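Quick look at my_file_14.txt (compact mmCIF, C-alpha atoms and all ligand atoms):
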```txt
# COMPACT_ATOMS: atom_id res chain seq x y z
CA GLY A 1 -55.77 74.17 79.55
CA GLY A 2 -52.54 75.99 79.23
CA LEU A 3 -49.58 75.93 81.40
CA VAL A 4 -49.60 78.74 83.98
CA GLN A 5 -46.20 80.25 84.26
CA GLN A 6 -45.11 80.51 87.84
CA PRO A 7 -41.68 81.21 89.32
CA PHE A 8 -41.61 77.73 90.82
CA SER A 9 -39.86 75.11 88.83
CA ASN A 10 -41.75 72.23 90.41
CA PHE A 11 -45.21 73.73 90.05
CA THR A 12 -47.52 72.41 87.29
CA GLY A 13 -51.27 73.01 86.93
CA SER A 14 -54.16 72.50 84.44
CA VAL A 15 -57.95 72.97 84.31
CA ASP A 16 -59.98 69.81 83.86
CA GLY A 17 -63.33 69.27 82.01
CA ASP A 18 -65.37 70.44 85.03
CA GLY A 19 -63.47 73.69 85.20
CA THR A 20 -61.69 72.61 88.31
CA CYS A 21 -58.14 73.70 88.63
CA GLN A 22 -55.87 70.78 89.13
CA CYS A 23 -52.33 71.12 90.22
CA SER A 24 -49.71 68.90 91.61
CA LEU A 25 -46.88 70.23 93.71
CA SER A 26 -43.77 68.39 94.55
CA LEU A 27 -42.01 69.74 97.65
CA PRO A 28 -38.44 69.02 98.63
CA ASP A 29 -37.77 66.57 101.46
CA THR A 30 -39.70 67.96 104.37
CA THR A 31 -37.66 66.23 107.07
CA PHE A 32 -35.89 68.88 109.32
CA PRO A 33 -32.07 68.64 108.68
CA VAL A 34 -31.09 68.27 112.36
CA ASP A 35 -27.64 66.88 111.59
CA ARG A 36 -26.74 69.82 109.36
CA VAL A 37 -27.87 72.35 111.92
CA GLU A 38 -25.83 70.53 114.52
CA THR A 39 -22.79 70.72 112.30
CA LEU A 40 -23.41 74.40 111.72
CA GLU A 41 -23.85 75.00 115.43
CA PHE A 42 -20.62 73.18 116.15
CA GLN A 43 -18.81 75.17 113.51
CA ALA A 44 -20.20 78.43 114.87
CA HIS A 45 -19.09 77.50 118.36
CA ALA A 46 -15.62 76.60 117.18
CA LEU A 47 -15.42 79.84 115.22
CA SER A 48 -16.47 81.97 118.17
CA LYS A 49 -13.97 80.16 120.38
CA LYS A 50 -11.25 80.82 117.85
CA PHE A 51 -12.37 84.44 117.67
CA GLU A 52 -12.18 84.73 121.49
CA GLU A 53 -8.70 83.27 121.39
CA GLU A 54 -7.56 85.69 118.74
CA LEU A 55 -9.19 88.55 120.60
CA SER A 56 -7.40 87.70 123.83
CA LYS A 57 -4.15 87.42 121.90
CA VAL A 58 -4.73 90.86 120.45
CA LYS A 59 -5.54 92.16 123.94
CA GLU A 60 -2.32 90.65 125.24
CA TYR A 61 -0.32 92.26 122.48
CA VAL A 62 -2.05 95.58 123.00
CA GLN A 63 -1.09 95.38 126.67
CA LEU A 64 2.48 94.44 125.81
CA LEU A 65 2.64 97.27 123.32
CA GLY A 66 1.37 99.60 126.05
CA VAL A 67 4.24 98.62 128.36
CA PHE A 68 6.55 98.93 125.46
CA GLU A 69 5.23 102.36 124.52
CA LYS A 70 5.82 103.61 128.08
CA LYS A 71 9.40 102.34 128.03
CA PHE A 72 9.87 103.96 124.69
CA SER A 73 8.60 107.37 125.74
CA ASN A 74 10.71 107.22 128.91
CA LEU A 75 13.73 106.55 126.76
CA THR A 76 12.77 109.33 124.34
CA VAL A 77 12.57 111.81 127.24
CA ARG A 78 15.99 110.72 128.50
CA ILE A 79 17.54 111.10 125.09
CA GLU A 80 15.91 114.52 124.69
CA ILE A 81 17.43 115.64 127.99
CA MET A 82 20.80 114.43 126.78
CA GLU A 83 20.35 116.18 123.44
CA LYS A 84 19.48 119.47 125.10
CA GLY A 85 22.45 119.02 127.38
CA LEU A 86 20.39 119.90 130.46
CA PHE A 87 22.35 117.50 132.61
CA SER A 88 25.78 116.09 132.35
CA TYR A 89 25.90 112.51 131.25
CA THR A 90 28.50 109.83 131.21
CA VAL A 91 29.54 106.94 129.04
CA LEU A 92 27.65 104.74 131.50
CA ASP A 93 24.35 106.50 130.59
CA PHE A 94 24.99 105.64 126.97
CA GLU A 95 25.70 102.06 127.86
CA LEU A 96 22.44 101.70 129.79
CA ILE A 97 20.42 103.30 126.98
CA LYS A 98 22.14 101.13 124.40
CA ILE A 99 21.26 98.03 126.43
CA GLU A 100 17.62 99.14 126.70
CA VAL A 101 17.33 99.92 123.01
CA LYS A 102 18.79 96.51 122.25
CA GLU A 103 16.28 94.85 124.61
CA MET A 104 13.42 96.62 122.90
CA GLY A 105 14.72 95.57 119.51
CA GLU A 106 14.70 91.97 120.70
CA LEU A 107 11.15 92.36 122.02
CA VAL A 108 10.00 93.58 118.61
CA ILE A 109 11.49 90.55 116.91
CA GLN A 110 9.66 88.36 119.44
CA LEU A 111 6.40 90.22 118.78
CA LYS A 112 6.78 89.86 115.05
CA LYS A 113 7.28 86.13 115.37
CA ASN A 114 4.06 85.70 117.38
CA PHE A 115 1.96 88.37 115.76
CA VAL A 116 1.00 86.86 112.44
CA GLY A 117 -1.40 89.18 110.67
CA SER A 118 -1.34 92.92 110.63
CA SER A 119 2.14 93.88 111.76
CA ASP A 120 2.08 97.51 110.64
CA ILE A 121 2.48 98.78 114.21
CA VAL A 122 5.31 96.37 114.88
CA ASN A 123 7.05 97.40 111.69
CA GLN A 124 6.66 101.02 112.66
CA LEU A 125 8.15 100.33 116.10
CA GLU A 126 11.02 98.50 114.52
CA GLU A 127 11.67 101.50 112.31
CA GLU A 128 11.58 103.86 115.30
CA ILE A 129 14.01 101.68 117.24
CA ARG A 130 16.35 101.68 114.30
CA ASN A 131 16.15 105.49 114.28
CA MET A 132 16.83 105.59 118.02
CA THR A 133 19.90 103.39 117.62
CA LEU A 134 21.20 105.82 115.02
CA LEU A 135 20.40 108.76 117.29
CA VAL A 136 22.30 107.20 120.21
CA GLU A 137 25.24 106.57 117.92
CA ASN A 138 25.16 110.19 116.73
CA LEU A 139 24.98 111.39 120.31
CA GLU A 140 27.99 109.29 121.15
CA THR A 141 30.04 110.96 118.43
CA LEU A 142 28.86 114.29 119.80
CA ASP A 143 29.89 113.18 123.27
CA LYS A 144 33.32 112.25 122.04
CA ASN A 145 33.68 115.81 120.77
CA ASN A 146 32.44 117.09 124.12
CA VAL A 147 34.97 114.97 125.97
CA LEU A 148 37.72 116.37 123.79
CA ALA A 149 36.46 119.95 124.18
CA ILE A 150 36.24 119.60 127.94
CA ARG A 151 39.69 118.08 128.07
CA ARG A 152 41.10 121.03 126.10
CA GLU A 153 39.36 123.38 128.51
CA ILE A 154 40.87 121.57 131.46
CA VAL A 155 44.33 121.84 129.93
CA ALA A 156 43.79 125.58 129.39
CA LEU A 157 42.52 125.99 132.97
CA LYS A 158 45.45 124.05 134.37
CA LYS A 159 47.79 126.32 132.46
CA LYS A 160 46.07 129.41 133.86
CA LEU A 161 46.21 127.96 137.35
CA LYS A 162 49.90 127.26 136.92
CA GLU A 163 50.50 130.85 135.74
CA CYS A 164 48.50 132.13 138.69
CA GLU A 165 50.49 129.99 141.12
CA ASP A 166 53.75 131.08 139.49
CA SER A 167 52.83 134.76 139.82
CA ASN A 168 52.02 134.16 143.48
CA HIS A 169 55.54 132.93 144.08
CA GLU A 170 57.39 135.68 142.26
CA SER A 171 60.78 134.17 142.99
CA PRO A 172 60.09 130.79 144.55
CA PRO A 173 62.87 128.92 146.28
CA ALA A 174 63.54 125.95 144.03
CA ASN A 175 62.80 123.32 146.67
CA THR A 176 59.16 124.36 147.34
CA LEU A 177 58.01 123.59 143.78
CA PRO A 178 56.31 120.23 143.44
CA PRO A 179 58.73 117.60 142.19
CA PRO A 180 58.36 116.55 138.56
CA LEU A 181 55.74 113.88 137.85
CA GLY A 182 57.09 110.38 138.19
CA SER A 183 59.72 111.38 140.75
CA CYS A 184 59.64 111.30 144.54
CA GLY A 185 60.13 114.41 146.60
CA ASN A 186 56.73 114.63 148.17
CA GLY A 187 55.95 114.08 151.80
CA GLY A 188 53.72 111.09 151.21
CA VAL A 189 50.05 110.60 150.36
CA VAL A 190 47.77 112.79 152.49
CA ASN A 191 44.46 112.45 150.68
CA ILE A 192 42.70 111.16 147.61
CA SER A 193 39.95 112.72 145.49
CA LYS A 194 36.36 111.51 145.05
CA PRO A 195 36.20 108.66 142.54
CA ASN A 196 35.72 109.36 138.87
CA VAL A 197 33.66 106.56 137.33
CA VAL A 198 35.29 105.81 134.05
CA GLN A 199 33.02 102.99 132.90
CA LEU A 200 31.78 99.46 133.34
CA ASN A 201 34.36 96.86 132.29
CA TRP A 202 33.87 95.63 128.73
CA ARG A 203 32.64 92.16 129.72
CA GLY A 204 29.67 93.49 131.72
CA PHE A 205 28.01 93.53 135.12
CA SER A 206 28.73 89.92 136.01
CA TYR A 207 32.50 90.38 135.77
CA LYS A 208 32.91 91.75 139.29
CA TYR A 209 36.52 90.67 139.84
CA GLY A 210 39.61 91.99 138.14
CA ALA A 211 41.95 94.90 137.67
CA TRP A 212 42.73 97.79 135.39
CA GLY A 213 45.39 100.42 135.02
CA ARG A 214 47.83 102.17 132.76
CA ASP A 215 51.25 100.96 131.72
CA TYR A 216 54.07 103.03 133.20
CA SER A 217 57.54 103.19 131.76
CA PRO A 218 59.98 105.81 133.08
CA GLU A 219 61.35 106.48 129.56
CA HIS A 220 57.93 107.26 128.05
CA PRO A 221 55.84 108.14 131.08
CA ASP A 222 52.87 109.55 129.15
CA ASN A 223 52.63 106.90 126.43
CA GLY A 224 51.30 104.03 128.52
CA LEU A 225 48.58 101.77 127.19
CA TYR A 226 45.41 101.37 129.22
CA TRP A 227 44.71 97.78 130.22
CA VAL A 228 41.55 96.13 131.55
CA ALA A 229 41.75 92.61 133.00
CA PRO A 230 38.42 91.26 134.32
CA LEU A 231 38.74 87.78 135.80
CA ASN A 232 36.39 85.05 134.65
CA THR A 233 33.17 84.87 136.67
CA ASP A 234 34.75 82.31 139.02
CA GLY A 235 36.69 85.24 140.52
CA ARG A 236 39.91 83.31 140.07
CA ILE A 237 41.11 82.91 136.49
CA LEU A 238 42.57 85.69 134.37
CA GLU A 239 42.10 84.63 130.77
CA TYR A 240 41.21 87.66 128.64
CA TYR A 241 42.50 91.20 128.85
CA ARG A 242 42.18 94.25 126.63
CA LEU A 243 44.57 97.06 125.72
CA TYR A 244 43.66 100.53 124.50
CA ASN A 245 46.06 103.12 123.08
CA THR A 246 44.23 106.09 124.59
CA LEU A 247 41.74 106.85 127.34
CA ASP A 248 39.24 108.00 124.69
CA ASP A 249 39.44 104.59 123.01
CA LEU A 250 38.80 102.94 126.35
CA LEU A 251 35.90 105.29 127.13
CA LEU A 252 34.24 104.57 123.80
CA TYR A 253 35.19 100.86 123.75
CA THR A 254 36.86 101.46 120.38
CA LYS A 255 40.01 99.92 118.84
CA PRO A 256 40.71 97.42 121.64
CA ARG A 257 43.40 94.78 121.34
CA GLU A 258 42.07 91.65 123.02
CA ASN A 259 44.50 88.98 124.23
CA ARG A 260 44.13 85.57 125.85
CA ILE A 261 46.49 83.90 128.36
CA THR A 262 46.20 80.44 129.97
CA TYR A 263 45.97 81.22 132.84
CA GLY A 264 46.62 83.95 135.35
CA GLN A 265 45.23 83.82 138.87
CA GLY A 266 43.66 86.62 140.90
CA GLY A 267 43.28 90.36 140.39
CA GLY A 268 46.75 91.36 141.59
CA THR A 269 48.02 91.99 138.05
CA ALA A 270 50.15 95.04 137.24
CA VAL A 271 51.74 96.42 134.06
CA TYR A 272 55.19 98.00 133.85
CA ASN A 273 57.37 98.85 130.85
CA ASN A 274 55.06 97.21 128.31
CA SER A 275 54.93 93.93 130.26
CA MET A 276 52.16 92.43 132.34
CA TYR A 277 53.01 90.62 135.58
CA VAL A 278 50.67 87.88 136.81
CA ASN A 279 50.60 85.05 139.30
CA TRP A 280 50.31 81.85 137.23
CA GLN A 281 47.39 79.57 138.06
CA ASN A 282 48.02 76.92 140.76
CA THR A 283 51.65 77.98 141.32
CA ARG A 284 53.81 80.41 143.26
CA ASP A 285 55.24 81.52 139.91
CA ILE A 286 55.41 85.03 138.54
CA VAL A 287 54.92 85.27 134.79
CA LYS A 288 56.01 88.19 132.63
CA ILE A 289 53.96 88.73 129.47
CA ASP A 290 55.10 91.01 126.66
CA LEU A 291 52.14 93.22 125.75
CA THR A 292 53.17 93.60 122.12
CA THR A 293 53.33 89.85 121.42
CA ASN A 294 51.20 88.51 124.31
CA LYS A 295 53.96 85.90 124.80
CA VAL A 296 55.20 84.65 128.17
CA VAL A 297 58.79 85.87 128.15
CA LEU A 298 59.79 84.81 131.67
CA THR A 299 58.57 82.62 134.53
CA ARG A 300 60.08 82.63 138.00
CA THR A 301 59.06 81.21 141.36
CA LEU A 302 58.61 83.71 144.19
CA PRO A 303 60.46 82.02 147.08
CA ASP A 304 58.28 80.96 150.05
CA ALA A 305 55.23 82.83 148.77
CA ALA A 306 51.88 81.50 149.95
CA PHE A 307 49.54 80.87 147.01
CA ASN A 308 46.18 79.38 145.92
CA ASN A 309 44.05 81.54 148.20
CA ARG A 310 46.10 80.85 151.34
CA PHE A 311 46.51 84.52 152.37
CA SER A 312 44.40 86.59 149.99
CA TYR A 313 42.67 89.86 150.88
CA ALA A 314 39.56 90.47 152.99
CA ASP A 315 36.52 89.55 150.86
CA VAL A 316 38.69 89.22 147.74
CA ALA A 317 39.77 85.69 146.93
CA TRP A 318 42.81 84.37 144.99
CA GLN A 319 44.87 87.56 145.31
CA ASP A 320 47.84 86.05 147.15
CA PHE A 321 50.13 87.99 144.82
CA ASP A 322 49.50 91.73 144.51
CA PHE A 323 51.91 93.33 142.05
CA ALA A 324 52.54 97.05 142.37
CA VAL A 325 54.27 99.71 140.28
CA ASP A 326 55.58 103.02 141.59
CA GLU A 327 58.25 105.63 140.78
CA ASN A 328 60.93 103.08 141.77
CA GLY A 329 59.72 100.15 139.64
CA LEU A 330 58.09 96.79 140.21
CA TRP A 331 57.04 95.31 143.57
CA VAL A 332 55.08 92.32 144.79
CA ILE A 333 53.02 92.25 148.00
CA TYR A 334 52.30 88.78 149.41
CA ALA A 335 52.58 86.63 152.57
CA THR A 336 54.46 83.52 153.63
CA GLU A 337 53.99 80.72 156.18
CA ALA A 338 56.97 82.15 158.06
CA SER A 339 55.29 85.59 158.20
CA SER A 340 52.11 83.91 159.56
CA GLY A 341 50.12 85.71 156.88
CA ASN A 342 51.55 89.15 157.55
CA MET A 343 52.28 91.27 154.50
CA VAL A 344 55.69 90.83 152.90
CA ILE A 345 56.97 93.35 150.34
CA SER A 346 59.58 92.40 147.75
CA LYS A 347 61.23 94.68 145.22
CA LEU A 348 61.65 92.82 141.93
CA ASN A 349 64.13 93.19 139.11
CA ASP A 350 61.69 93.45 136.21
CA THR A 351 64.22 92.05 133.73
CA THR A 352 65.04 88.86 135.65
CA LEU A 353 62.11 88.69 138.11
CA GLU A 354 64.65 88.12 140.88
CA VAL A 355 63.94 89.54 144.33
CA ILE A 356 66.21 92.53 145.02
CA ASN A 357 65.13 93.13 148.60
CA THR A 358 62.38 92.06 151.03
CA TRP A 359 60.59 93.83 153.92
CA HIS A 360 58.41 92.22 156.60
CA THR A 361 55.43 94.15 157.97
CA THR A 362 53.34 93.42 161.06
CA GLN A 363 50.06 93.82 159.17
CA TYR A 364 48.01 90.62 158.63
CA LYS A 365 47.28 90.43 154.89
CA PRO A 366 43.81 88.79 155.03
CA SER A 367 42.46 91.68 157.12
CA VAL A 368 43.44 94.20 154.45
CA SER A 369 41.18 94.83 151.43
CA ASN A 370 43.98 95.91 149.04
CA ALA A 371 47.32 97.68 148.80
CA PHE A 372 49.47 99.82 146.50
CA MET A 373 52.95 101.38 146.49
CA VAL A 374 53.84 105.07 146.10
CA CYS A 375 57.48 106.21 146.28
CA GLY A 376 58.54 103.04 148.08
CA VAL A 377 55.76 103.30 150.66
CA LEU A 378 53.11 100.61 150.91
CA TYR A 379 49.57 101.84 151.56
CA ALA A 380 46.86 99.39 152.65
CA THR A 381 43.08 99.79 152.69
CA ARG A 382 40.30 98.28 154.77
CA ILE A 383 36.50 98.29 154.46
CA LEU A 384 34.62 100.79 156.65
CA ASN A 385 31.18 100.18 155.13
CA THR A 386 29.49 99.52 151.77
CA ARG A 387 30.32 103.04 150.54
CA THR A 388 33.71 103.79 152.06
CA GLU A 389 37.15 102.32 152.42
CA GLU A 390 39.98 103.70 154.48
CA ILE A 391 43.67 103.87 153.69
CA PHE A 392 44.56 102.90 157.24
CA TYR A 393 48.12 101.59 157.18
CA TYR A 394 51.51 102.39 155.67
CA TYR A 395 54.95 100.80 155.58
CA ASP A 396 57.91 102.89 154.37
CA THR A 397 60.55 100.63 152.82
CA SER A 398 63.15 103.42 152.93
CA THR A 399 62.98 103.68 156.75
CA GLY A 400 61.29 100.42 157.82
CA LYS A 401 58.74 102.56 159.65
CA GLU A 402 55.08 101.57 159.72
CA GLY A 403 51.97 103.26 161.12
CA LYS A 404 48.30 104.20 160.99
CA LEU A 405 46.56 106.55 158.58
CA ASN A 406 42.92 107.54 158.12
CA ILE A 407 42.37 108.61 154.55
CA ILE A 408 38.77 108.10 153.42
CA MET A 409 38.16 106.53 150.04
CA HIS A 410 34.64 106.67 148.62
CA LYS A 411 33.52 103.85 146.37
CA MET A 412 30.63 103.04 144.00
CA GLN A 413 30.13 99.41 144.85
CA GLU A 414 30.82 97.32 147.91
CA LYS A 415 34.11 95.64 147.13
CA VAL A 416 37.38 97.09 145.95
CA GLN A 417 38.84 94.24 143.91
CA SER A 418 42.15 95.90 143.12
CA ILE A 419 44.11 99.16 143.31
CA ASN A 420 46.94 100.16 140.97
CA TYR A 421 48.93 103.41 141.11
CA HIS A 422 50.29 105.30 138.11
CA PRO A 423 53.35 107.47 138.94
CA PHE A 424 53.01 109.92 136.06
CA ASP A 425 49.23 110.40 136.19
CA GLN A 426 49.46 110.28 140.00
CA LYS A 427 46.17 108.41 139.99
CA LEU A 428 44.79 105.24 141.52
CA PHE A 429 43.08 102.81 139.15
CA VAL A 430 40.46 100.89 141.09
CA TYR A 431 38.37 97.93 139.94
CA ASN A 432 35.20 98.21 142.01
CA ASP A 433 32.91 95.19 141.46
CA GLY A 434 33.18 95.57 137.68
CA TYR A 435 33.35 99.38 137.52
CA LEU A 436 36.56 101.15 136.57
CA LEU A 437 37.27 104.07 138.90
CA ASN A 438 40.02 106.71 138.97
CA TYR A 439 41.20 108.74 141.96
CA ASP A 440 43.70 111.61 142.10
CA VAL A 441 46.40 111.14 144.70
CA ILE A 442 47.07 114.23 146.82
CA PHE A 443 50.56 114.60 148.30
CA ARG A 444 51.91 116.51 151.22
CA GLN A 445 53.57 119.46 149.47
CA ARG A 446 56.89 119.62 151.19
CA PRO A 447 60.27 118.02 150.81
CA HIS A 448 60.27 114.33 151.47
CA GLN A 449 60.60 113.27 155.06
CA PRO A 450 59.50 110.19 156.92
CA LEU A 451 55.71 110.03 157.47
CA CA B 501 47.02 96.33 144.44
```
As structure tokens - that is how I would like this structure written.
Ligand SMILES: [Ca+2]
Amino acid sequence: GGLVQQPFSNFTGSVDGDGTCQCSLSLPDTTFPVDRVETLEFQAHALSKKFEEELSKVKEYVQLLGVFEKKFSNLTVRIEIMEKGLFSYTVLDFELIKIEVKEMGELVIQLKKNFVGSSDIVNQLEEEIRNMTLLVENLETLDKNNVLAIRREIVALKKKLKECEDSNHESPPANTLPPPLGSCGNGGVVNISKPNVVQLNWRGFSYKYGAWGRDYSPEHPDNGLYWVAPLNTDGRILEYYRLYNTLDDLLLYTKPRENRITYGQGGGTAVYNNSMYVNWQNTRDIVKIDLTTNKVVLTRTLPDAAFNNRFSYADVAWQDFDFAVDENGLWVIYATEASSGNMVISKLNDTTLEVINTWHTTQYKPSVSNAFMVCGVLYATRILNTRTEEIFYYYDTSTGKEGKLNIIMHKMQEKVQSINYHPFDQKLFVYNDGYLLNYDVIFRQRPHQPL
């Protein structure tokens, strides 16, 4: 017999003498491998569980990306509107968009960290956000040009208006012309404009308390630095303040000089002749700080002044001392125990910080929301509602006369934290729960006489 070739390695057969085919077959172990199947089943189960997990993760990311995509397209639309110039926009719009773009950038980083695997989409998003950041920056430069162009237009318009007014009064009697800026010949404040929102203070939304303004010096009335002094979030301590050379720098948050002092108290700060005047923490002391060096150049106690939140303003704490600057110089508005909390006005010598003269009003300071001085007249405000304040009271230091007024003052946020007047700009600088507002002061156009 010969070997029959078969494709089975364990098959052998032969034909015996009787012609019967004999073959022996050896089969592998016939026992069913239950344990291996079990292992396989277990592995399959684990794999499908893992798969489910991954799938749900992917679903979660897809959902997140959906939300993200919506935000992104909303932002794109807003930027398009700004690009086309369909609506006017402010520095605040830029700030909000910048914050959102930053938030989205952070979200992408988060996604990348969690999303191990194909991150093509995430990379693409990251790229787009980078482009958007660049676009916003470009738009900002554009806006700066716009601001400058508009300002030039305003100057031109003002000039035309002036010419028009001049031609109306062919030969005007000298005393009916408005007095030069920074001098007093007006008949007092009769109105103020709607607020112009300049921007959010540089430290952000949570810095609701503070003050801002522009330095005024009679020798260089139009050279004053802009200063922004948000208090720390405790609403009490003045520690950091910033200076800007121009309003454009302030608007664009560029080229600030940031200084630290330890420590001022309250939002009653004012700046005059390149010096900042603050109430020093825990004292009835006035401190004079040189803006060029940020050094304390003088400290003097304000006699009898109540301090440490004894007689602050309505809804505004720690402003026992409210410094004020007007055409005549530096003032401080405060209260004493002897005045029973009524407002006291003192004219200060800004070189020595000595009190030159003092006036006693009958107006209780804690029921007033803030105050400012114009041409030696104190004006005080009170809250009417969440959107309006009223300049309701005046005290004229030249006559000792006081009385009621009702000049409406619109506001953005609920609380007016401080008001500072600038004699050359003839504007009020208001710190309104973190927002910096400007108002034009409107005067009675006739020779000065008692209100
Ligand atoms: Ca004030």
Check: If you count all atoms listed in the file, which residues fall within 9 Å of range 428-436 of chain A, apart from same-chain ones fewer than 3 positions away, as an MDAnalysis selection string?
Finding: chainID A and resid 192 195:214 228 230 372 411:422 425 439:441
Check: Which residue, A:Ser340, A:Asn282, A:Ser217, A:Asn357, has the smallest gap to Phe307 in chain A when you use only C-alpha atoms?
Finding: A:Asn282
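As for CA of Glu327 in chain A and CA of Val355 in chain A, they are spaced 17.4 Å apart.
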Using 12 Å as the limit and counting all atoms listed in the file, can you tabulate each residue of range 262-325 of chain A that touches range 380-403 of chain A, with its shortest atom-to-atom distance in Å and the two atoms involved, as JSON lines?
```
{"residue": "A:Tyr313", "atom": "CA", "partner": "A:Arg382", "partner_atom": "CA", "distance": 9.6}
{"residue": "A:Ala314", "atom": "CA", "partner": "A:Arg382", "partner_atom": "CA", "distance": 8.0}
{"residue": "A:Asp315", "atom": "CA", "partner": "A:Ile383", "partner_atom": "CA", "distance": 9.5}
{"residue": "A:Val316", "atom": "CA", "partner": "A:Ile383", "partner_atom": "CA", "distance": 11.5}
{"residue": "A:Asp322", "atom": "CA", "partner": "A:Ala380", "partner_atom": "CA", "distance": 11.5}
{"residue": "A:Ala324", "atom": "CA", "partner": "A:Ala380", "partner_atom": "CA", "distance": 12.0}
```
Writer output for current selection, C-alpha atoms, as a PDB file, keeping the file's coordinate frame:
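Below is the file that was written, again.pdb:
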```pdb
ATOM      1  CA  TYR A 313      42.670  89.860 150.880  1.00  0.00           C
ATOM      2  CA  ALA A 314      39.560  90.470 152.990  1.00  0.00           C
ATOM      3  CA  ASP A 315      36.520  89.550 150.860  1.00  0.00           C
ATOM      4  CA  VAL A 316      38.690  89.220 147.740  1.00  0.00           C
ATOM      5  CA  ASP A 322      49.500  91.730 144.510  1.00  0.00           C
ATOM      6  CA  ALA A 324      52.540  97.050 142.370  1.00  0.00           C
TER       7      ALA A 324
END
```
Checklist line | Å distance separating CA of Lys194 in chain A from CA of Tyr364 in chain A, one decimal place | finding: 27.5 Å
Next item on the list: Name the residues in contact with Asn308 in chain A at a cut-off of 10 Å, using only C-alpha atoms, excluding same-chain residues fewer than 2 positions from it; report them as a ChimeraX atom specification.
Entry: /A:236,265-266,279-284,306,310-312,317-321
Next, the residues of the selection above should be written as a short mmCIF file (atom, residue, chain, number, x, y, z; two decimals), keeping the file's coordinate frame with C-alpha atoms.
```cif
data_model
loop_
_atom_site.label_atom_id
_atom_site.label_comp_id
_atom_site.auth_asym_id
_atom_site.auth_seq_id
_atom_site.Cartn_x
_atom_site.Cartn_y
_atom_site.Cartn_z
CA ARG A 236 39.91 83.31 140.07
CA GLN A 265 45.23 83.82 138.87
CA GLY A 266 43.66 86.62 140.90
CA ASN A 279 50.60 85.05 139.30
CA TRP A 280 50.31 81.85 137.23
CA GLN A 281 47.39 79.57 138.06
CA ASN A 282 48.02 76.92 140.76
CA THR A 283 51.65 77.98 141.32
CA ARG A 284 53.81 80.41 143.26
CA ALA A 306 51.88 81.50 149.95
CA ARG A 310 46.10 80.85 151.34
CA PHE A 311 46.51 84.52 152.37
CA SER A 312 44.40 86.59 149.99
CA ALA A 317 39.77 85.69 146.93
CA TRP A 318 42.81 84.37 144.99
CA GLN A 319 44.87 87.56 145.31
CA ASP A 320 47.84 86.05 147.15
CA PHE A 321 50.13 87.99 144.82
#
```
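For Arg444 in chain A, the list of residues within 7 Å, based on all atoms listed in the file and with local chain neighbours fewer than 2 positions off taken out, reads Asn186, Gly187, Gly188, Val189, Val190, Ile442 and Arg446 of chain A.
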Check: What does the distance from CA of Ile333 in chain A to CA of Pro423 in chain A come to in Å, to one decimal?
Finding: 17.7 Å
Using all atoms listed in the file, which protein or nucleic acid residues come within 10 Å of range 293-297 of chain A? Drop anything in the same chain fewer than 5 positions from it, and give the result as an mmCIF file with C-alpha atoms, in the coordinates of the input.
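This went into out-v4.cif:
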```cif
data_model
loop_
_atom_site.group_PDB
_atom_site.id
_atom_site.type_symbol
_atom_site.label_atom_id
_atom_site.label_comp_id
_atom_site.auth_asym_id
_atom_site.auth_seq_id
_atom_site.Cartn_x
_atom_site.Cartn_y
_atom_site.Cartn_z
ATOM 1 C CA GLU A 258 42.070 91.650 123.020
ATOM 2 C CA ASN A 259 44.500 88.980 124.230
ATOM 3 C CA ARG A 260 44.130 85.570 125.850
ATOM 4 C CA ILE A 261 46.490 83.900 128.360
ATOM 5 C CA SER A 275 54.930 93.930 130.260
ATOM 6 C CA MET A 276 52.160 92.430 132.340
ATOM 7 C CA TYR A 277 53.010 90.620 135.580
ATOM 8 C CA VAL A 287 54.920 85.270 134.790
ATOM 9 C CA LYS A 288 56.010 88.190 132.630
ATOM 10 C CA THR A 351 64.220 92.050 133.730
#
```
Next item on the list: In the coordinate frame of the file, compute which residues have an atom within 6 Å of (56.2, 83.7, 136.8) when using all atoms listed in the file, and state them as a PyMOL selection string.
Entry: chain A and resi 285-287+299-301
Note to self: Which residue is closest to ligand CA 501 (chain B)? Choose from A:Val325, A:Leu252, A:Ala338, A:Cys375 and count all atoms listed in the file.
What the structure shows: A:Val325
